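**Student:** Got a structure for you, questions after.
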Amino acid sequence: VCSSDLIIEGIKTEASNKETFNVYNPYNHEIIDKVSFVATKLDVQKAIDFAKSHMCIWAEMPMFEITKILHKYADLLEKYTEEIAKIST
């Protein structure tokens, strides 16, 4: 069993209330993951504050650099489509 948590400030972390729920394999009903139940207001505010404080980095980046990043992201999504589909279903 692995643990899927929130990602805040680029760091994997539990929800501040530590609540989780089990994810079951639909075939054999075994627990395959444990996921943070829900982000709290505190978690969301922490993520928003971090994003706001780093927005200037993105805003100051040349458009061709942003384009390179987005194309790389698209390439990775395409490359790992099967794995992403398995994880998200």
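Here's how to read the names in the structure tokens: chain A, B, ... by the order shown, residue numbers from 1 in each chain, ligand numbers from 1 in the order shown.
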Looking only at the backbone, which of the residues in chain A does DSSP tag as alpha helix (DSSP H), as a ChimeraX atom specification?
**Tutor:** /A:41-60,63-79,81-88
**Student:** Apply DSSP to the structure's backbone, then extract all residues of chain A labelled strand (DSSP E) and return them as an MDAnalysis selection string.
**Tutor:** chainID A and resid 2:4 6:8 11:13 20:24 31:36
**Student:** Could you save the residues just selected, with C-alpha atoms, as a tab-separated table (two decimals), in the first residue's frame?
**Tutor:**
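Result written to part.tsv:
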```tsv
chain	number	residue	atom	x	y	z
A	2	CYS	CA	1.34	3.40	-0.89
A	3	SER	CA	0.10	6.73	0.36
A	4	SER	CA	-1.19	9.51	-1.88
A	6	LEU	CA	-1.59	16.47	-1.09
A	7	ILE	CA	1.20	18.32	-2.85
A	8	ILE	CA	1.65	21.77	-1.34
A	11	ILE	CA	6.14	18.80	-1.23
A	12	LYS	CA	4.01	15.70	-0.68
A	13	THR	CA	2.14	16.16	2.61
A	20	THR	CA	-7.61	9.48	4.85
A	21	PHE	CA	-9.68	6.92	3.01
A	22	ASN	CA	-8.78	3.60	1.45
A	23	VAL	CA	-8.80	2.96	-2.29
A	24	TYR	CA	-9.81	-0.58	-3.19
A	31	ILE	CA	-6.62	-1.93	-0.38
A	32	ILE	CA	-4.28	-0.52	-3.03
A	33	ASP	CA	-3.80	3.01	-1.75
A	34	LYS	CA	-4.58	5.40	1.06
A	35	VAL	CA	-5.52	8.94	0.03
A	36	SER	CA	-5.86	12.16	1.99
```
**Student:** Go ahead and compute the interatomic distance for atom CA of Thr40 of chain A and atom CA of Asp5 of chain A, in Å to one decimal.
**Tutor:**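 Going from atom CA of Thr40 of chain A over to atom CA of Asp5 of chain A, I get 12.7 Å.
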**Student:** Could you state the separation of atom CA of Leu70 of chain A and atom CA of Ala51 of chain A in Å, given to one decimal place?
**Tutor:**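 These two atoms are separated by 17.4 Å.
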**Student:** What separation in Å, quoted to one decimal, exists between atom CA of Ala47 of chain A and atom CA of Glu14 of chain A?
**Tutor:**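 Those two atoms sit 12.9 Å apart.
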**Student:** Excluding same-chain residues fewer than 6 positions from segment 73-89 of chain A, what lies within 10 Å of it counting only C-alpha atoms, as a PyMOL selection string?
**Tutor:** chain A and resi 25-26+33+67
**Student:** Write the residues of the preceding selection, restricted to all heavy atoms, as an mmCIF file, in the first residue's frame.
**Tutor:**
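Okay, out_29.cif is ready:
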```cif
data_model
loop_
_atom_site.group_PDB
_atom_site.id
_atom_site.type_symbol
_atom_site.label_atom_id
_atom_site.label_comp_id
_atom_site.auth_asym_id
_atom_site.auth_seq_id
_atom_site.Cartn_x
_atom_site.Cartn_y
_atom_site.Cartn_z
ATOM 1 N N ASN A 25 -9.010 -2.105 -4.879
ATOM 2 C CA ASN A 25 -8.958 -2.723 -6.190
ATOM 3 C C ASN A 25 -10.359 -3.275 -6.461
ATOM 4 O O ASN A 25 -10.865 -4.087 -5.680
ATOM 5 C CB ASN A 25 -7.919 -3.855 -6.172
ATOM 6 C CG ASN A 25 -7.832 -4.585 -7.482
ATOM 7 O OD1 ASN A 25 -8.818 -4.806 -8.166
ATOM 8 N ND2 ASN A 25 -6.621 -4.988 -7.826
ATOM 9 N N PRO A 26 -11.017 -2.865 -7.543
ATOM 10 C CA PRO A 26 -12.381 -3.320 -7.781
ATOM 11 C C PRO A 26 -12.484 -4.816 -8.094
ATOM 12 O O PRO A 26 -13.533 -5.420 -7.918
ATOM 13 C CB PRO A 26 -12.848 -2.484 -8.982
ATOM 14 C CG PRO A 26 -11.604 -1.991 -9.623
ATOM 15 C CD PRO A 26 -10.549 -1.923 -8.559
ATOM 16 N N ASP A 33 -4.347 1.687 -2.022
ATOM 17 C CA ASP A 33 -3.802 3.012 -1.745
ATOM 18 C C ASP A 33 -4.539 3.611 -0.565
ATOM 19 O O ASP A 33 -5.613 3.145 -0.174
ATOM 20 C CB ASP A 33 -3.948 3.918 -2.971
ATOM 21 C CG ASP A 33 -2.975 5.086 -2.988
ATOM 22 O OD1 ASP A 33 -2.226 5.257 -2.007
ATOM 23 O OD2 ASP A 33 -2.963 5.810 -3.974
ATOM 24 N N THR A 67 6.477 28.069 -23.169
ATOM 25 C CA THR A 67 6.070 27.139 -24.225
ATOM 26 C C THR A 67 6.849 25.832 -24.124
ATOM 27 O O THR A 67 6.269 24.746 -24.249
ATOM 28 C CB THR A 67 6.276 27.786 -25.607
ATOM 29 O OG1 THR A 67 5.527 28.995 -25.660
ATOM 30 C CG2 THR A 67 5.836 26.873 -26.725
#
```
**Student:** Residues within 12 Å of Lys41 of chain A, please, as a compact mmCIF listing (two decimals) with C-alpha atoms, in the first residue's frame. Count only C-alpha atoms; anything in the same chain fewer than 6 positions from it doesn't count.
**Tutor:**
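Produced file out-v1.txt, reproduced below:
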```txt
# COMPACT_ATOMS: atom_id res chain seq x y z
CA ALA A 15 -4.00 16.94 4.83
CA SER A 16 -3.67 18.96 8.02
CA ASN A 17 -6.58 17.04 9.58
CA ALA A 47 -1.30 26.29 -1.45
CA ILE A 48 -2.82 29.60 -2.62
```
